[in-house]
$ cat structure03.csv   # CSV, C-alpha atoms
chain,number,residue,atom,x,y,z
A,1,MET,CA,166.1,98.9,111.9
A,2,ARG,CA,163.3,99.5,114.4
A,3,THR,CA,160.7,98.9,111.7
A,4,LEU,CA,161.9,95.3,111.4
A,5,LYS,CA,160.9,94.4,114.9
A,6,PRO,CA,157.2,93.8,114.4
A,7,VAL,CA,158.0,91.6,111.4
A,8,ARG,CA,160.3,89.5,113.5
A,9,ILE,CA,157.7,89.1,116.2
A,10,ALA,CA,155.1,88.1,113.6
A,11,CYS,CA,157.5,85.5,112.3
A,12,THR,CA,158.2,84.1,115.7
A,13,ALA,CA,154.4,83.9,116.3
A,14,VAL,CA,153.9,81.9,113.1
A,15,LEU,CA,156.8,79.7,114.0
A,16,ALA,CA,155.4,79.0,117.4
A,17,ALA,CA,152.0,78.3,116.0
A,18,ALA,CA,153.5,75.8,113.5
A,19,LEU,CA,155.5,74.1,116.3
A,20,ALA,CA,152.4,74.0,118.5
A,21,ALA,CA,150.1,72.6,115.8
A,22,PRO,CA,151.2,68.9,116.0
A,23,PHE,CA,150.7,69.0,119.8
A,24,VAL,CA,147.2,70.4,119.3
A,25,LEU,CA,146.4,67.5,117.1
A,26,LEU,CA,147.9,65.0,119.4
A,27,ALA,CA,146.1,66.2,122.5
A,28,ALA,CA,143.1,64.0,123.0
A,29,ASP,CA,140.2,66.5,122.8
A,30,ALA,CA,136.8,65.2,123.7
A,31,PRO,CA,135.3,63.5,120.6
A,32,ALA,CA,132.6,66.2,120.2
A,33,GLU,CA,135.3,68.8,120.2
A,34,GLN,CA,137.3,67.0,117.6
A,35,PHE,CA,134.3,66.9,115.3
A,36,ALA,CA,133.6,70.6,116.0
A,37,THR,CA,137.2,71.6,115.2
A,38,LEU,CA,137.2,69.7,111.9
A,39,LYS,CA,133.8,71.0,111.0
A,40,LYS,CA,134.9,74.6,111.6
A,41,GLU,CA,137.9,74.1,109.5
A,42,TYR,CA,135.8,72.7,106.7
A,43,ASP,CA,133.2,75.5,107.0
A,44,THR,CA,135.9,78.1,106.7
A,45,ALA,CA,137.4,76.4,103.6
A,46,TYR,CA,133.9,76.0,102.1
A,47,ALA,CA,132.9,79.6,102.7
A,48,ALA,CA,136.1,80.8,100.9
A,49,TYR,CA,135.4,78.4,98.0
A,50,LEU,CA,131.8,79.7,97.7
A,51,THR,CA,133.0,83.3,97.7
A,52,GLU,CA,135.4,82.6,94.9
A,53,ALA,CA,132.8,80.6,93.0
A,54,ARG,CA,130.2,83.4,93.3
A,55,ALA,CA,132.7,86.0,92.2
A,56,ALA,CA,133.3,84.2,88.9
A,57,LYS,CA,130.4,85.4,86.7
A,58,ASN,CA,129.8,83.5,83.5
A,59,PRO,CA,133.0,81.4,83.8
A,60,THR,CA,134.3,79.6,80.7
A,61,PRO,CA,134.2,75.7,80.9
A,62,GLU,CA,138.0,75.8,81.7
A,63,GLN,CA,137.5,78.3,84.5
A,64,ARG,CA,134.6,76.3,85.8
A,65,ALA,CA,136.7,73.1,85.8
A,66,ALA,CA,139.5,75.0,87.7
A,67,LEU,CA,137.0,76.2,90.2
A,68,THR,CA,135.6,72.7,90.7
A,69,ALA,CA,139.1,71.4,91.3
A,70,LYS,CA,139.4,73.8,94.2
A,71,SER,CA,136.3,72.5,96.0
A,72,PRO,CA,137.2,71.4,99.6
A,73,LEU,CA,134.9,68.4,99.4
A,74,PRO,CA,137.4,65.8,98.1
A,75,LYS,CA,140.0,66.9,100.7
A,76,TYR,CA,137.6,66.8,103.7
A,77,SER,CA,135.4,63.8,103.0
A,78,PRO,CA,138.3,61.3,103.9
A,79,LYS,CA,139.1,63.4,107.0
A,80,PHE,CA,135.5,63.2,108.3
A,81,LEU,CA,135.4,59.5,107.5
A,82,GLU,CA,138.6,58.9,109.3
A,83,LEU,CA,137.4,60.7,112.4
A,84,GLY,CA,134.1,58.9,112.3
A,85,GLU,CA,136.0,55.5,112.2
A,86,LYS,CA,138.4,56.6,114.9
A,87,LEU,CA,135.9,57.7,117.4
A,88,GLY,CA,134.2,54.3,117.8
A,89,LYS,CA,130.8,54.3,119.4
A,90,ASP,CA,130.8,58.0,120.5
A,91,PRO,CA,127.9,60.1,119.2
A,92,ALA,CA,130.5,62.4,117.6
A,93,ALA,CA,131.5,59.5,115.5
A,94,VAL,CA,128.0,59.4,114.1
A,95,ASP,CA,128.1,63.2,113.5
A,96,ALA,CA,131.3,62.7,111.5
A,97,LEU,CA,130.0,59.8,109.5
A,98,ILE,CA,126.7,61.6,108.7
A,99,PHE,CA,128.7,64.6,107.6
A,100,THR,CA,130.8,62.5,105.3
A,101,MET,CA,127.7,61.2,103.6
A,102,ARG,CA,126.2,64.7,103.4
A,103,ILE,CA,129.2,66.0,101.5
A,104,ASP,CA,130.1,62.8,99.5
A,105,GLY,CA,126.7,61.0,99.2
A,106,ARG,CA,127.5,59.2,96.0
A,107,GLY,CA,131.2,59.0,96.4
A,108,ALA,CA,133.4,56.2,97.8
A,109,ASN,CA,133.8,57.8,101.2
A,110,GLY,CA,130.1,58.5,101.5
A,111,GLN,CA,129.5,54.8,100.9
A,112,LYS,CA,132.1,53.8,103.5
A,113,ALA,CA,130.5,56.1,106.0
A,114,MET,CA,127.1,54.6,105.4
A,115,GLU,CA,128.5,51.1,105.7
A,116,ARG,CA,130.0,52.0,109.0
A,117,LEU,CA,126.8,53.6,110.2
A,118,GLU,CA,124.9,50.5,109.3
A,119,ARG,CA,127.4,48.2,111.1
A,120,ASP,CA,128.0,50.2,114.3
A,121,HIS,CA,125.3,52.9,114.7
A,122,TYR,CA,122.0,51.6,113.3
A,123,ASN,CA,120.3,52.0,116.7
A,124,SER,CA,121.5,55.6,117.3
A,125,PRO,CA,118.8,58.2,117.8
A,126,GLN,CA,120.9,60.5,115.6
A,127,MET,CA,119.7,58.4,112.6
A,128,SER,CA,116.6,60.7,112.7
A,129,GLN,CA,118.8,63.3,110.9
A,130,ILE,CA,119.2,61.1,107.8
A,131,VAL,CA,116.2,58.9,107.5
A,132,GLY,CA,114.5,61.6,105.4
A,133,MET,CA,117.2,61.8,102.8
A,134,LEU,CA,118.5,58.1,102.6
A,135,ARG,CA,115.7,57.3,100.2
A,136,SER,CA,117.1,59.7,97.6
A,137,PHE,CA,120.7,58.3,97.5
A,138,ARG,CA,119.8,55.1,95.6
A,139,THR,CA,123.1,53.4,96.3
A,140,PRO,CA,123.3,49.8,97.8
A,141,ALA,CA,125.0,51.2,101.0
A,142,ALA,CA,122.2,53.7,101.5
A,143,ASP,CA,119.4,51.2,100.8
A,144,LYS,CA,121.0,48.7,103.2
A,145,LEU,CA,121.4,51.3,105.9
A,146,LEU,CA,117.8,52.4,105.5
A,147,ALA,CA,116.6,48.8,105.7
A,148,THR,CA,118.6,48.1,108.9
A,149,ILE,CA,117.4,51.3,110.6
A,150,THR,CA,113.8,50.6,109.6
A,151,GLU,CA,114.1,47.1,111.1
A,152,LYS,CA,116.2,47.6,114.2
A,153,ASN,CA,116.2,51.2,115.4
A,154,THR,CA,114.1,51.6,118.5
A,155,ASP,CA,114.1,55.4,118.8
A,156,PRO,CA,110.7,57.1,118.3
A,157,GLY,CA,112.2,60.1,116.6
A,158,VAL,CA,113.8,57.7,114.1
A,159,GLN,CA,110.8,55.6,113.5
A,160,GLY,CA,108.5,58.6,113.3
A,161,GLY,CA,111.0,60.2,110.9
A,162,LEU,CA,110.9,57.2,108.7
A,163,LEU,CA,107.1,57.4,108.5
A,164,MET,CA,107.4,61.1,107.8
A,165,SER,CA,109.7,60.6,104.8
A,166,LYS,CA,107.3,57.9,103.5
A,167,ALA,CA,104.4,60.3,103.9
A,168,THR,CA,106.2,63.2,102.3
A,169,ALA,CA,107.1,61.0,99.3
A,170,ALA,CA,103.5,59.8,98.9
A,171,LYS,CA,102.1,63.4,98.9
A,172,THR,CA,102.1,63.7,95.1
A,173,THR,CA,101.8,60.0,94.1
A,174,ASN,CA,99.2,58.9,96.6
A,175,PRO,CA,97.6,61.7,98.7
A,176,ALA,CA,95.2,59.4,100.5
A,177,GLU,CA,98.1,57.2,101.7
A,178,ALA,CA,100.1,60.3,102.7
A,179,GLU,CA,97.1,61.6,104.7
A,180,LYS,CA,96.8,58.2,106.5
A,181,LEU,CA,100.6,58.2,107.3
A,182,PHE,CA,100.5,61.8,108.6
A,183,ASN,CA,97.6,60.8,110.9
A,184,GLN,CA,99.6,57.8,112.1
A,185,ILE,CA,102.5,60.1,113.0
A,186,ILE,CA,100.1,62.3,115.0
A,187,GLU,CA,98.8,59.2,116.8
A,188,LYS,CA,102.1,57.5,117.6
A,189,PHE,CA,104.9,59.9,117.4
A,190,ALA,CA,103.3,63.3,118.2
A,191,SER,CA,105.9,64.3,120.8
A,192,ALA,CA,109.0,62.9,119.0
A,193,LYS,CA,111.5,65.6,118.0
A,194,SER,CA,111.9,66.5,114.4
A,195,ALA,CA,115.2,65.9,112.5
A,196,THR,CA,116.2,69.5,113.2
A,197,GLY,CA,115.2,69.3,116.8
A,198,THR,CA,113.3,72.6,116.5
A,199,THR,CA,109.7,71.1,116.5
A,200,THR,CA,107.9,67.9,117.0
A,201,LEU,CA,106.8,65.3,114.4
A,202,GLY,CA,103.2,65.9,115.5
A,203,GLU,CA,103.4,69.6,114.7
A,204,LEU,CA,105.1,68.9,111.4
A,205,ALA,CA,102.5,66.3,110.4
A,206,LYS,CA,99.7,68.7,111.3
A,207,SER,CA,101.1,71.5,109.2
A,208,GLU,CA,101.6,69.0,106.3
A,209,LEU,CA,98.0,67.9,106.5
A,210,ALA,CA,96.8,71.5,106.6
A,211,ALA,CA,99.0,72.3,103.5
A,212,MET,CA,97.6,69.3,101.7
A,213,LYS,CA,94.1,70.5,102.4
A,214,ASN,CA,95.0,74.0,101.3
A,215,ALA,CA,96.7,72.7,98.1
A,216,THR,CA,93.4,71.3,96.7
A,217,ASN,CA,92.1,74.8,96.6
A,218,PHE,CA,94.6,75.5,93.9
A,219,ASP,CA,93.6,72.5,91.6
A,220,ILE,CA,92.6,73.1,88.1
A,221,GLY,CA,88.8,73.7,88.1
A,222,LYS,CA,88.7,75.6,91.4
A,223,VAL,CA,88.1,79.3,91.7
A,224,ALA,CA,91.4,80.9,92.5
A,225,PRO,CA,91.3,82.3,96.1
A,226,ASP,CA,91.3,86.0,96.0
A,227,ILE,CA,94.5,87.9,96.3
A,228,GLU,CA,94.6,91.3,98.1
A,229,GLY,CA,97.7,93.4,98.4
A,230,GLU,CA,99.6,96.4,97.3
A,231,ASP,CA,101.3,97.0,94.0
A,232,LEU,CA,104.9,98.3,93.9
A,233,SER,CA,103.7,101.9,94.2
A,234,GLY,CA,101.7,101.0,97.3
A,235,VAL,CA,98.3,101.0,95.6
A,236,LYS,CA,95.9,98.3,96.8
A,237,PHE,CA,94.3,96.0,94.3
A,238,LYS,CA,92.6,92.6,94.3
A,239,LEU,CA,92.5,89.6,91.9
A,240,SER,CA,88.7,89.7,91.9
A,241,ASP,CA,88.9,93.2,90.3
A,242,TYR,CA,89.9,91.3,87.2
A,243,ARG,CA,86.8,89.1,86.8
A,244,GLY,CA,85.6,89.0,83.2
A,245,LYS,CA,89.2,88.9,82.0
A,246,VAL,CA,91.5,86.0,81.3
A,247,VAL,CA,94.3,86.4,83.9
A,248,VAL,CA,97.8,85.0,84.0
A,249,ILE,CA,99.2,85.1,87.6
A,250,ASP,CA,102.9,85.1,87.4
A,251,PHE,CA,104.9,84.6,90.6
A,252,TRP,CA,108.2,86.2,89.6
A,253,GLY,CA,111.5,87.5,90.9
A,254,ASP,CA,114.3,89.2,89.2
A,255,TRP,CA,117.1,86.7,90.0
B,1,MET,CA,111.0,85.3,80.3
B,2,TYR,CA,110.6,89.1,80.2
B,3,PRO,CA,110.6,89.4,76.3
B,4,HIS,CA,108.0,86.7,76.0
B,5,GLU,CA,105.7,88.2,78.5
B,6,ARG,CA,106.2,91.7,77.1
B,7,SER,CA,105.1,90.5,73.7
B,8,LEU,CA,102.1,88.6,75.1
B,9,VAL,CA,100.9,91.7,76.9
B,10,ALA,CA,101.5,93.9,73.9
B,11,ARG,CA,99.7,91.5,71.5
B,12,LEU,CA,96.6,91.3,73.7
B,13,LYS,CA,96.4,94.9,74.9
B,14,ASP,CA,92.9,95.3,73.4
B,15,LYS,CA,91.6,92.0,74.6
B,16,PRO,CA,90.0,91.1,78.0
B,17,PHE,CA,93.3,89.9,79.3
B,18,ALA,CA,95.6,90.8,82.2
B,19,LEU,CA,99.0,89.6,83.3
B,20,LEU,CA,99.4,90.1,87.0
B,21,GLY,CA,102.6,89.5,88.8
B,22,VAL,CA,103.4,88.6,92.4
B,23,ASN,CA,106.9,89.8,93.0
B,24,SER,CA,109.1,88.3,95.7
B,25,ASP,CA,112.1,90.7,95.4
B,26,PRO,CA,113.1,93.5,97.7
B,27,LYS,CA,111.2,96.6,96.5
B,28,ASP,CA,114.2,98.5,95.1
B,29,LYS,CA,115.3,95.4,93.1
B,30,ALA,CA,111.8,94.9,91.7
B,31,LEU,CA,111.4,98.6,90.7
B,32,ASP,CA,114.8,98.4,89.1
B,33,ALA,CA,113.7,95.3,87.0
B,34,ILE,CA,110.5,97.0,86.0
B,35,LYS,CA,112.4,100.1,84.8
B,36,ARG,CA,115.3,98.2,83.2
B,37,GLU,CA,113.0,95.7,81.4
B,38,ASN,CA,110.2,98.1,80.7
B,39,LEU,CA,107.6,95.9,82.3
B,40,THR,CA,104.1,97.3,81.8
B,41,TRP,CA,102.0,94.9,83.9
B,42,ARG,CA,101.0,95.3,87.5
B,43,SER,CA,102.5,93.3,90.3
B,44,TRP,CA,101.6,92.7,93.9
B,45,TRP,CA,104.6,93.3,96.0
B,46,ASP,CA,104.9,90.2,98.3
B,47,GLY,CA,106.9,91.6,101.1
B,48,GLY,CA,110.5,91.4,99.7
B,49,ASP,CA,111.3,87.7,99.9
B,50,THR,CA,110.0,84.3,98.9
B,51,SER,CA,108.1,83.7,102.1
B,52,GLY,CA,105.7,86.5,101.5
B,53,PRO,CA,102.0,86.2,102.4
B,54,ILE,CA,100.7,85.7,98.8
B,55,ALA,CA,103.3,83.0,98.0
B,56,ARG,CA,102.4,81.3,101.2
B,57,GLN,CA,98.7,81.5,100.6
B,58,TYR,CA,99.2,79.9,97.2
B,59,GLY,CA,101.7,77.4,98.5
B,60,VAL,CA,104.3,78.5,95.9
B,61,ARG,CA,107.7,76.9,96.4
B,62,ALA,CA,109.3,77.4,93.0
B,63,TRP,CA,109.7,80.5,90.8
B,64,PRO,CA,108.4,81.3,88.3
B,65,THR,CA,105.0,79.8,89.1
B,66,ILE,CA,102.2,80.4,86.6
B,67,TYR,CA,98.4,80.2,87.0
B,68,VAL,CA,96.0,80.9,84.1
B,69,LEU,CA,92.4,81.8,85.1
B,70,ASP,CA,89.4,82.2,82.9
B,71,GLY,CA,87.0,85.1,83.1
B,72,LYS,CA,85.1,83.5,86.0
B,73,GLY,CA,88.3,83.3,88.1
B,74,VAL,CA,88.6,79.5,87.7
B,75,ILE,CA,92.1,78.1,87.5
B,76,ARG,CA,92.3,76.5,84.1
B,77,TYR,CA,96.1,76.0,83.6
B,78,LYS,CA,99.1,75.7,85.8
B,79,GLY,CA,102.8,76.0,85.1
B,80,VAL,CA,102.4,76.9,81.4
B,81,ARG,CA,105.4,78.9,80.1
B,82,GLY,CA,106.5,80.3,76.8
B,83,GLU,CA,104.3,79.3,73.9
B,84,LYS,CA,102.2,77.1,76.1
B,85,MET,CA,101.2,80.2,78.0
B,86,ASP,CA,100.1,81.9,74.8
B,87,GLU,CA,98.1,78.9,73.7
B,88,ALA,CA,96.4,78.7,77.0
B,89,VAL,CA,95.4,82.4,77.0
B,90,ASP,CA,94.3,82.3,73.4
B,91,THR,CA,92.1,79.2,74.1
B,92,LEU,CA,90.4,80.9,77.0
B,93,LEU,CA,89.9,84.2,75.1
B,94,LYS,CA,88.3,82.2,72.2
B,95,GLU,CA,86.1,80.4,74.6
B,96,MET,CA,85.0,83.6,76.2
B,97,ALA,CA,84.3,85.2,72.8
B,98,SER,CA,82.1,82.3,71.6
B,99,ALA,CA,80.1,82.2,74.9
B,100,LYS,CA,78.9,85.7,74.2

$ encode --input "structure03.csv" --output "structure tokens"
Amino acid sequence: MRTLKPVRIACTAVLAAALAAPFVLLAADAPAEQFATLKKEYDTAYAAYLTEARAAKNPTPEQRAALTAKSPLPKYSPKFLELGEKLGKDPAAVDALIFTMRIDGRGANGQKAMERLERDHYNSPQMSQIVGMLRSFRTPAADKLLATITEKNTDPGVQGGLLMSKATAAKTTNPAEAEKLFNQIIEKFASAKSATGTTTLGELAKSELAAMKNATNFDIGKVAPDIEGEDLSGVKFKLSDYRGKVVVIDFWGDW
Amino acid sequence: MYPHERSLVARLKDKPFALLGVNSDPKDKALDAIKRENLTWRSWWDGGDTSGPIARQYGVRAWPTIYVLDGKGVIRYKGVRGEKMDEAVDTLLKEMASAK
């Protein structure tokens, strides 16, 4: 008899939580909190899904389909979209809409999110988070959003970010143009925050320029820069020890 | 990729040729692969992950990445895999032999 007691307490707790839940949802949390709550819920669901997906080694096509059906993305993209629409002009609305397009970039909700961003939030400084990726979506909504941001957004981080994405895209197709654009960023937007907020666009552009300069040392026809290091038994050796031999350098990993 | 590279190294064991690896695994994992796959060539150990000093020096962002150098240390081919790697190496060995 006594052993039943904890069970009953647990049941009561569950019941209380279930009863309380609607009130939690009804309470008007600050917009930022509402977004954070939904995001946390999604993160938990996604982590669980990932664990399950990783555990399934060599799944059959049927198993893979069953797994895909469990993805939390279709369930959550409408929720984030709804929140983004509900929160009006608040910055948290932009967070929710951006998140919708991150998880449903080519889907219907992602398009609606981009349309809403284009209509209501084109001048938000938060657009710096997405200007780098908009180019790759190739949907009418994404192209329109990118065009409006380019034309009308007045935030230096956003305009600098636009230049940054243009420069990055030009690196392989037109290195001279890329170099010119990186230098423009250093001139005009040096102190603007990067999309992640962890560095400035000026620092990013400088490291990109340095990497581009470094990359030409690895073009066909150049002498490969020497490599010095230890082998897996801790014995030092150098690439230049192998002069006079044809050498294949293979960057590998066992994954 | 292991079987192909194993046969390339075996086929050219008497030629002026070397396959050198740059490994981005944790050390125990790399040693395990070498033992399990019977890999005979030498590798630099690049610190245990993909942001190691050699990968950074060479600006490597994708694995595997391949460079083929001639006897003078000049980069002659990049990204050649499978049969293309064999062809590249054979071409350079022939070139070296005829220059003597």

$ atom_distance --input "structure03.csv" --atom1 "atom CA of Lys94 of chain B" --atom2 "atom CA of Gly73 of chain B"
15.9 Å

$ interface_residues --input "structure03.csv" --of "chain A" --to "chain B" --cutoff "12 Å" --atoms "all atoms listed in the file" --output "PyMOL selection string"
chain A and resi 208+210-255

$ atom_distance --input "structure03.csv" --atom1 "atom CA of Lys112 of chain A" --atom2 "atom CA of Leu83 of chain A"
12.4 Å

$ atom_distance --input "structure03.csv" --atom1 "atom CA of Ala108 of chain A" --atom2 "atom CA of Ser77 of chain A"
9.4 Å

$ residues_around --input "structure03.csv" --residues "segment 131-139 of chain A" --least-positions-apart "3" --cutoff "6 Å" --atoms "only C-alpha atoms" --output "ChimeraX atom specification"
/A:128,142,162,165

$ closest_residue --input "structure03.csv" --among "A:Ala32, A:Ala56, A:Val158, A:Ala65" --to "Val94 of chain A" --atoms "only C-alpha atoms"
A:Ala32

$ decode --input "structure03.csv" --residues "segment 22-55 of chain B" --atoms "N, CA and C atoms" --output "CSV table (one decimal), in the first residue's frame"
chain,number,residue,atom,x,y,z
B,22,VAL,N,48.4,13.5,-44.5
B,22,VAL,CA,48.3,14.4,-43.4
B,22,VAL,C,47.0,14.0,-42.7
B,23,ASN,N,47.1,13.5,-41.5
B,23,ASN,CA,45.9,12.9,-40.9
B,23,ASN,C,45.3,13.9,-39.8
B,24,SER,N,44.0,14.0,-40.0
B,24,SER,CA,43.2,14.9,-39.1
B,24,SER,C,42.4,14.2,-38.0
B,25,ASP,N,42.7,12.9,-37.7
B,25,ASP,CA,42.0,12.2,-36.7
B,25,ASP,C,42.6,12.3,-35.3
B,26,PRO,N,41.9,12.1,-34.3
B,26,PRO,CA,42.5,11.9,-33.0
B,26,PRO,C,43.5,10.7,-33.2
B,27,LYS,N,44.6,10.8,-32.4
B,27,LYS,CA,45.7,9.8,-32.7
B,27,LYS,C,45.3,8.4,-32.6
B,28,ASP,N,44.5,8.0,-31.5
B,28,ASP,CA,44.1,6.6,-31.4
B,28,ASP,C,43.3,6.1,-32.6
B,29,LYS,N,42.5,7.0,-33.1
B,29,LYS,CA,41.6,6.6,-34.2
B,29,LYS,C,42.5,6.4,-35.5
B,30,ALA,N,43.5,7.3,-35.7
B,30,ALA,CA,44.4,7.2,-36.8
B,30,ALA,C,45.2,5.9,-36.7
B,31,LEU,N,45.7,5.6,-35.6
B,31,LEU,CA,46.5,4.4,-35.4
B,31,LEU,C,45.7,3.2,-35.6
B,32,ASP,N,44.5,3.2,-35.2
B,32,ASP,CA,43.5,2.1,-35.4
B,32,ASP,C,43.3,1.9,-36.9
B,33,ALA,N,43.1,3.0,-37.6
B,33,ALA,CA,42.9,2.9,-39.1
B,33,ALA,C,44.1,2.3,-39.8
B,34,ILE,N,45.3,2.7,-39.4
B,34,ILE,CA,46.5,2.2,-40.0
B,34,ILE,C,46.7,0.7,-39.8
B,35,LYS,N,46.3,0.3,-38.6
B,35,LYS,CA,46.5,-1.1,-38.2
B,35,LYS,C,45.4,-1.9,-39.0
B,36,ARG,N,44.2,-1.5,-38.9
B,36,ARG,CA,43.0,-2.2,-39.4
B,36,ARG,C,43.1,-2.3,-40.9
B,37,GLU,N,43.6,-1.2,-41.6
B,37,GLU,CA,43.6,-1.1,-43.0
B,37,GLU,C,45.0,-1.5,-43.6
B,38,ASN,N,45.9,-1.8,-42.7
B,38,ASN,CA,47.3,-2.1,-43.1
B,38,ASN,C,47.9,-1.0,-44.0
B,39,LEU,N,47.9,0.2,-43.5
B,39,LEU,CA,48.4,1.3,-44.3
B,39,LEU,C,49.9,1.4,-44.1
B,40,THR,N,50.6,1.4,-45.2
B,40,THR,CA,52.1,1.4,-45.1
B,40,THR,C,52.8,2.7,-45.2
B,41,TRP,N,52.0,3.7,-45.6
B,41,TRP,CA,52.7,5.0,-45.9
B,41,TRP,C,52.7,5.9,-44.6
B,42,ARG,N,53.6,6.9,-44.7
B,42,ARG,CA,53.8,7.7,-43.6
B,42,ARG,C,52.8,8.9,-43.6
B,43,SER,N,52.3,9.3,-42.4
B,43,SER,CA,51.4,10.4,-42.3
B,43,SER,C,52.0,11.4,-41.2
B,44,TRP,N,51.8,12.7,-41.5
B,44,TRP,CA,52.0,13.6,-40.5
B,44,TRP,C,50.7,13.6,-39.6
B,45,TRP,N,50.8,13.7,-38.3
B,45,TRP,CA,49.6,13.8,-37.5
B,45,TRP,C,49.3,15.3,-37.3
B,46,ASP,N,48.2,15.7,-37.7
B,46,ASP,CA,47.9,17.1,-37.7
B,46,ASP,C,47.1,17.6,-36.5
B,47,GLY,N,47.4,17.0,-35.3
B,47,GLY,CA,46.9,17.6,-34.1
B,47,GLY,C,45.5,17.1,-33.7
B,48,GLY,N,44.9,16.2,-34.4
B,48,GLY,CA,43.7,15.5,-33.9
B,48,GLY,C,42.4,16.0,-34.5
B,49,ASP,N,42.4,17.1,-35.2
B,49,ASP,CA,41.1,17.5,-35.8
B,49,ASP,C,41.4,18.3,-37.1
B,50,THR,N,40.3,18.7,-37.7
B,50,THR,CA,40.5,19.3,-39.1
B,50,THR,C,41.0,20.8,-39.0
B,51,SER,N,41.2,21.3,-37.9
B,51,SER,CA,41.7,22.7,-37.8
B,51,SER,C,43.2,22.6,-37.5
B,52,GLY,N,43.9,21.5,-37.8
B,52,GLY,CA,45.3,21.4,-37.5
B,52,GLY,C,46.2,22.3,-38.3
B,53,PRO,N,47.5,22.5,-37.8
B,53,PRO,CA,48.3,23.5,-38.4
B,53,PRO,C,48.6,23.3,-39.9
B,54,ILE,N,48.8,22.0,-40.3
B,54,ILE,CA,49.1,21.7,-41.7
B,54,ILE,C,47.9,22.0,-42.6
B,55,ALA,N,46.8,21.5,-42.2
B,55,ALA,CA,45.5,21.8,-42.9
B,55,ALA,C,45.3,23.3,-43.1
